Amino acid sequence: MNDAPPWRGPLLLVIGVTAVWQVLYLLVGEIALRSPAETVASLAGLLADPRFWPHLRETTLAFGFALLLAAASGLLIGITLGVNRFARDVAEPMLVAIYSIPKVTLYPILLLAFGLGISAKVAFGAIHGFIPIALFTMNAVRTIRPVLIKTGRIMKLSPPALMWRILLPAALPEIFTGLRIGFSLTLIGTLLGEMFASQRGLGFMLMNAIGLHHVDIIMSITLLVTVFAVTVSLLLIHLDRKLPR
Amino acid sequence: MKYASLVRLVIIVGLIGLIEVMCRTGVITRFTMQPPTLILRDLADILVSGRYNAAIAKTLTNSAIAFVSAVVVGVAAGVVIHGVKLLREALEPLFATYYAIPVLAFYPLLIILFGIGDAPQIMIGFMLGVVAVIVNTLNGIDRVPRVLMKTARIARLSRAATARRITLPYAIPFVLTGVKLALAYSLIGVIGSEFIMSTGGMGFEISFAYNNFDNATMYPLIVLVLFTAIGLNMIVRRWERLVLGRRGMQ
């Protein structure tokens, strides 16, 4: 198994998924599914349509802001909790509890607080993403060798300098894993936000397409989102492995 | 640790108190949020009157079906995948990236396929949970010491008997990690899909109340969902600690 080339697994997977999809299509038929080839063709048509771009732009923008917010707040909370043992004991169960609740139910509250628009989506995406980033950062900082921090103290580094020059670099590999998971969850959160009470974006297009029974659009957007998520995730996993541990 | 729990309690109570004061003094308007005391009173009302019992039962039943099938299928699939090397090699990249895929984006597709009944919601809950169970089962089986496997071979156990008597019991603590995730995910999947588009259930009632500006129903139901999710998770966590303690793993 170890001497197989690294691309063999993913290749087998792509072939397998396409095959299952094609068989399913042959079984179910045109009314509910499109074949892989048809979906790729209609996705290409969608990308060529200028009316599609504002939606893609809206989702990308919301996702980008949400990810920035999630990463910034997650890192800040994670480092604070990692350094301070007592704060960690207090806050960790709360973070885990927030992670495990169905956060969709909180979305109406955000809508009432932020109004219909991009800010509610951004907030919702960020709420999904910051928890894994905070938890991974916290554990990474907690397990840094104490001698590094002591050295920093001896050099009389200010707290921001200590954070920037010692804590972040030392904890980077694990923080990166947290960021990878945070990336996925932020994407899920942003799309979810768009699927409920939204006027623009890919999630809105998905919901709209159910009403109109536009199987083409549903399948091509689902394909687009999935391929994007999987590609970025594989890229991040690849980078992750290259970081020194 | 006891002291930390106390501080945590104080913080939570303080936050709720702050919201209460802000609502009562009008910093947060009634259109945005009800005061927490009022939410609790409405919640008691709802539970006593039994108005939403059908919705609650539907959500819990669907989540339970999604959860149980995710665990059963996940453990069985884990055992099978562990045995077939090529299958595992093909599926490994899927498992690594699976949780990057927004599973709820598949909900519209499932509605088209199965109609807008319970099936798509259960499917979403199942899809979210099953991979966590598979991955953790594989992880657990990987850690079975070779001496145990050799003993099984010497005792001439069949493959099925080896799985049932040796591999799975050894892997239970790891499988439990997956089970814990599957529980949270099945609730998230079912309530999430009810929320987006459905004809009943707690998620549906919340989004229905939101669309009607009915905060007196929406907030109590949100709180009920949060209590349910946190309560179930605490029970599983306690059970997990019990199992781990018996193994001397914690």
# chains A, B, ... in the order shown; residues from 1 in each chain; ligands from 1

call {"tool": "closest_atom_pairs", "arguments": {"of": "chain B", "to": "chain A", "cutoff": "6 Å", "atoms": "only C-alpha atoms", "output": "tab-separated table"}}
result
residue	atom	partner	partner_atom	distance
B:Ala4	CA	A:Val90	CA	5.0
B:Arg8	CA	A:Val90	CA	5.3
B:Thr32	CA	A:Leu112	CA	5.3
B:Glu89	CA	A:Gly9	CA	5.1
B:Ala90	CA	A:Gly9	CA	4.3
B:Pro93	CA	A:Pro10	CA	5.9
B:Thr97	CA	A:Val230	CA	5.8
B:Ala100	CA	A:Ser184	CA	4.4
B:Ile101	CA	A:Thr226	CA	5.5
B:Pro102	CA	A:Ile188	CA	5.0
B:Ile112	CA	A:Ala32	CA	5.7
B:Leu113	CA	A:Ala32	CA	5.6
B:Ala184	CA	A:Ser100	CA	5.4
B:Ile188	CA	A:Pro102	CA	4.4
B:Gly192	CA	A:Val104	CA	5.7
B:Ile196	CA	A:Phe196	CA	5.8
B:Ile222	CA	A:Thr105	CA	5.8
B:Ala229	CA	A:Ile101	CA	5.5

call {"tool": "write_last_selection", "arguments": {"atoms": "all heavy atoms", "output": "compact mmCIF listing (two decimals), in the first residue's frame"}}
result
# COMPACT_ATOMS: atom_id res chain seq x y z
N ALA B 4 -13.41 26.24 38.64
CA ALA B 4 -13.61 26.68 37.25
C ALA B 4 -15.07 26.52 36.85
O ALA B 4 -15.63 27.41 36.20
CB ALA B 4 -12.71 25.87 36.32
N ARG B 8 -17.59 29.40 35.57
CA ARG B 8 -18.31 29.26 34.31
C ARG B 8 -19.79 29.55 34.53
O ARG B 8 -20.41 30.29 33.77
CB ARG B 8 -18.12 27.84 33.77
CG ARG B 8 -18.58 27.68 32.34
CD ARG B 8 -18.40 26.26 31.87
NE ARG B 8 -17.12 25.71 32.28
CZ ARG B 8 -16.96 24.55 32.87
NH1 ARG B 8 -18.00 23.80 33.14
NH2 ARG B 8 -15.76 24.12 33.20
N THR B 32 -36.45 42.33 18.45
CA THR B 32 -35.22 41.55 18.29
C THR B 32 -35.21 40.37 19.23
O THR B 32 -34.95 39.24 18.83
CB THR B 32 -33.99 42.44 18.56
OG1 THR B 32 -34.11 43.61 17.78
CG2 THR B 32 -32.72 41.71 18.21
N GLU B 89 -7.79 2.47 0.29
CA GLU B 89 -6.92 3.43 -0.38
C GLU B 89 -7.74 4.44 -1.18
O GLU B 89 -7.44 5.64 -1.21
CB GLU B 89 -5.97 2.69 -1.31
CG GLU B 89 -4.76 3.50 -1.70
CD GLU B 89 -3.94 2.79 -2.76
OE1 GLU B 89 -3.87 1.54 -2.73
OE2 GLU B 89 -3.41 3.48 -3.62
N ALA B 90 -8.82 3.95 -1.81
CA ALA B 90 -9.66 4.84 -2.60
C ALA B 90 -10.48 5.77 -1.71
O ALA B 90 -10.73 6.92 -2.06
CB ALA B 90 -10.59 4.03 -3.50
N PRO B 93 -8.84 9.44 0.78
CA PRO B 93 -8.95 10.88 0.46
C PRO B 93 -10.36 11.43 0.65
O PRO B 93 -10.53 12.58 1.00
CB PRO B 93 -8.53 10.96 -1.01
CG PRO B 93 -8.50 9.59 -1.52
CD PRO B 93 -8.33 8.67 -0.37
N THR B 97 -11.32 14.61 3.24
CA THR B 97 -11.92 15.87 2.80
C THR B 97 -13.42 15.91 3.02
O THR B 97 -14.06 16.90 2.74
CB THR B 97 -11.67 16.09 1.29
OG1 THR B 97 -12.12 14.93 0.59
CG2 THR B 97 -10.22 16.31 0.99
N ALA B 100 -15.16 18.75 4.62
CA ALA B 100 -15.06 20.03 3.93
C ALA B 100 -16.26 20.23 3.02
O ALA B 100 -16.57 21.34 2.62
CB ALA B 100 -13.77 20.09 3.12
N ILE B 101 -16.93 19.12 2.67
CA ILE B 101 -18.08 19.21 1.76
C ILE B 101 -19.30 19.71 2.53
O ILE B 101 -19.64 19.15 3.56
CB ILE B 101 -18.40 17.83 1.14
CG1 ILE B 101 -17.17 17.30 0.41
CG2 ILE B 101 -19.59 17.92 0.21
CD1 ILE B 101 -17.32 15.86 -0.03
N PRO B 102 -19.93 20.78 2.06
CA PRO B 102 -21.14 21.24 2.75
C PRO B 102 -22.29 20.28 2.47
O PRO B 102 -22.99 20.43 1.48
CB PRO B 102 -21.41 22.62 2.14
CG PRO B 102 -20.38 22.85 1.11
CD PRO B 102 -19.60 21.61 0.90
N ILE B 112 -35.33 16.68 -4.41
CA ILE B 112 -35.74 16.32 -5.77
C ILE B 112 -35.85 14.79 -5.90
O ILE B 112 -36.77 14.26 -6.51
CB ILE B 112 -34.72 16.86 -6.79
CG1 ILE B 112 -34.68 18.38 -6.74
CG2 ILE B 112 -35.03 16.36 -8.19
CD1 ILE B 112 -35.64 19.08 -7.64
N LEU B 113 -34.90 14.09 -5.28
CA LEU B 113 -34.86 12.63 -5.42
C LEU B 113 -35.96 11.94 -4.62
O LEU B 113 -36.61 11.03 -5.10
CB LEU B 113 -33.50 12.10 -4.96
CG LEU B 113 -32.38 12.14 -5.99
CD1 LEU B 113 -31.07 11.72 -5.34
CD2 LEU B 113 -32.69 11.22 -7.15
N ALA B 184 -24.30 14.49 17.75
CA ALA B 184 -24.41 15.93 17.50
C ALA B 184 -24.78 16.18 16.05
O ALA B 184 -25.66 16.99 15.75
CB ALA B 184 -23.10 16.63 17.86
N ILE B 188 -27.92 18.14 14.21
CA ILE B 188 -27.62 19.29 13.37
C ILE B 188 -28.19 19.08 11.98
O ILE B 188 -28.83 19.97 11.41
CB ILE B 188 -26.09 19.53 13.30
CG1 ILE B 188 -25.57 20.02 14.64
CG2 ILE B 188 -25.74 20.53 12.20
CD1 ILE B 188 -24.08 20.19 14.71
N GLY B 192 -31.27 21.24 10.86
CA GLY B 192 -30.83 22.15 9.80
C GLY B 192 -31.67 22.00 8.55
O GLY B 192 -32.13 22.99 7.98
N ILE B 196 -34.32 24.69 6.69
CA ILE B 196 -34.21 25.22 5.34
C ILE B 196 -35.50 25.02 4.57
O ILE B 196 -36.04 25.94 3.97
CB ILE B 196 -33.06 24.53 4.58
CG1 ILE B 196 -31.73 24.83 5.26
CG2 ILE B 196 -33.01 25.00 3.15
CD1 ILE B 196 -30.61 24.00 4.72
N ILE B 222 -36.14 27.78 20.16
CA ILE B 222 -34.68 27.79 20.01
C ILE B 222 -34.03 27.29 21.29
O ILE B 222 -33.14 26.43 21.28
CB ILE B 222 -34.17 29.20 19.66
CG1 ILE B 222 -34.63 29.60 18.26
CG2 ILE B 222 -32.66 29.27 19.76
CD1 ILE B 222 -34.24 31.00 17.86
N ALA B 229 -29.94 19.55 22.68
CA ALA B 229 -28.64 19.19 22.12
C ALA B 229 -27.58 19.11 23.21
O ALA B 229 -26.82 18.13 23.31
CB ALA B 229 -28.23 20.21 21.06

call {"tool": "residues_around", "arguments": {"residues": "Ser198 in chain B", "least_positions_apart": "4", "cutoff": "8 Å", "atoms": "only C-alpha atoms", "output": "ChimeraX atom specification"}}
result
/B:116-117,193-194,204

call {"tool": "write_last_selection", "arguments": {"atoms": "all heavy atoms", "output": "compact mmCIF listing (two decimals), in the first residue's frame"}}
result
# COMPACT_ATOMS: atom_id res chain seq x y z
N ILE B 116 -40.37 15.86 -0.49
CA ILE B 116 -40.14 16.64 0.71
C ILE B 116 -40.75 15.95 1.93
O ILE B 116 -41.63 16.47 2.58
CB ILE B 116 -40.63 18.08 0.51
CG1 ILE B 116 -40.19 18.96 1.67
CG2 ILE B 116 -42.13 18.16 0.28
CD1 ILE B 116 -40.20 20.41 1.31
N GLY B 117 -40.31 14.73 2.23
CA GLY B 117 -40.82 14.03 3.40
C GLY B 117 -39.74 13.94 4.46
O GLY B 117 -38.87 14.80 4.55
N SER B 193 -31.92 20.75 8.14
CA SER B 193 -32.70 20.60 6.90
C SER B 193 -34.16 20.95 7.13
O SER B 193 -34.81 21.50 6.23
CB SER B 193 -32.53 19.19 6.33
OG SER B 193 -32.58 18.23 7.33
N GLU B 194 -34.69 20.67 8.32
CA GLU B 194 -36.06 21.11 8.62
C GLU B 194 -36.17 22.62 8.50
O GLU B 194 -37.16 23.16 8.01
CB GLU B 194 -36.45 20.72 10.05
CG GLU B 194 -36.88 19.30 10.22
CD GLU B 194 -37.07 18.97 11.68
OE1 GLU B 194 -36.84 19.84 12.55
OE2 GLU B 194 -37.44 17.83 11.97
N PHE B 204 -38.56 23.44 11.50
CA PHE B 204 -39.60 24.06 10.69
C PHE B 204 -40.39 25.07 11.51
O PHE B 204 -40.66 26.19 11.05
CB PHE B 204 -40.53 22.98 10.14
CG PHE B 204 -41.78 23.54 9.51
CD1 PHE B 204 -41.75 24.08 8.24
CD2 PHE B 204 -42.98 23.54 10.21
CE1 PHE B 204 -42.90 24.60 7.67
CE2 PHE B 204 -44.13 24.06 9.65
CZ PHE B 204 -44.09 24.59 8.38

call {"tool": "residues_around", "arguments": {"residues": "range 164-174 of chain B", "least_positions_apart": "6", "cutoff": "8 Å", "atoms": "only C-alpha atoms", "output": "PyMOL selection string"}}
result
chain B and resi 136-137+139-141+143-144+148-149+152+240+243-244

call {"tool": "residues_around", "arguments": {"residues": "Leu56 in chain A", "least_positions_apart": "5", "cutoff": "9 Å", "atoms": "only C-alpha atoms", "output": "PDB file with C-alpha atoms, in the first residue's frame"}}
result
ATOM      1  CA  LEU A  61     -17.319  37.967  -0.505  1.00  0.00           C
ATOM      2  CA  ARG A 200     -28.453  36.570  -3.413  1.00  0.00           C
ATOM      3  CA  GLY A 201     -25.684  33.997  -3.465  1.00  0.00           C
ATOM      4  CA  LEU A 202     -25.209  30.351  -4.361  1.00  0.00           C
TER       5      LEU A 202
END

call {"tool": "residues_around", "arguments": {"residues": "Ile46 in chain B", "least_positions_apart": "3", "cutoff": "12 Å", "atoms": "only C-alpha atoms", "output": "VMD selection string"}}
result
chain B and resid 39 to 43 49 to 56 216 to 221 223 to 224
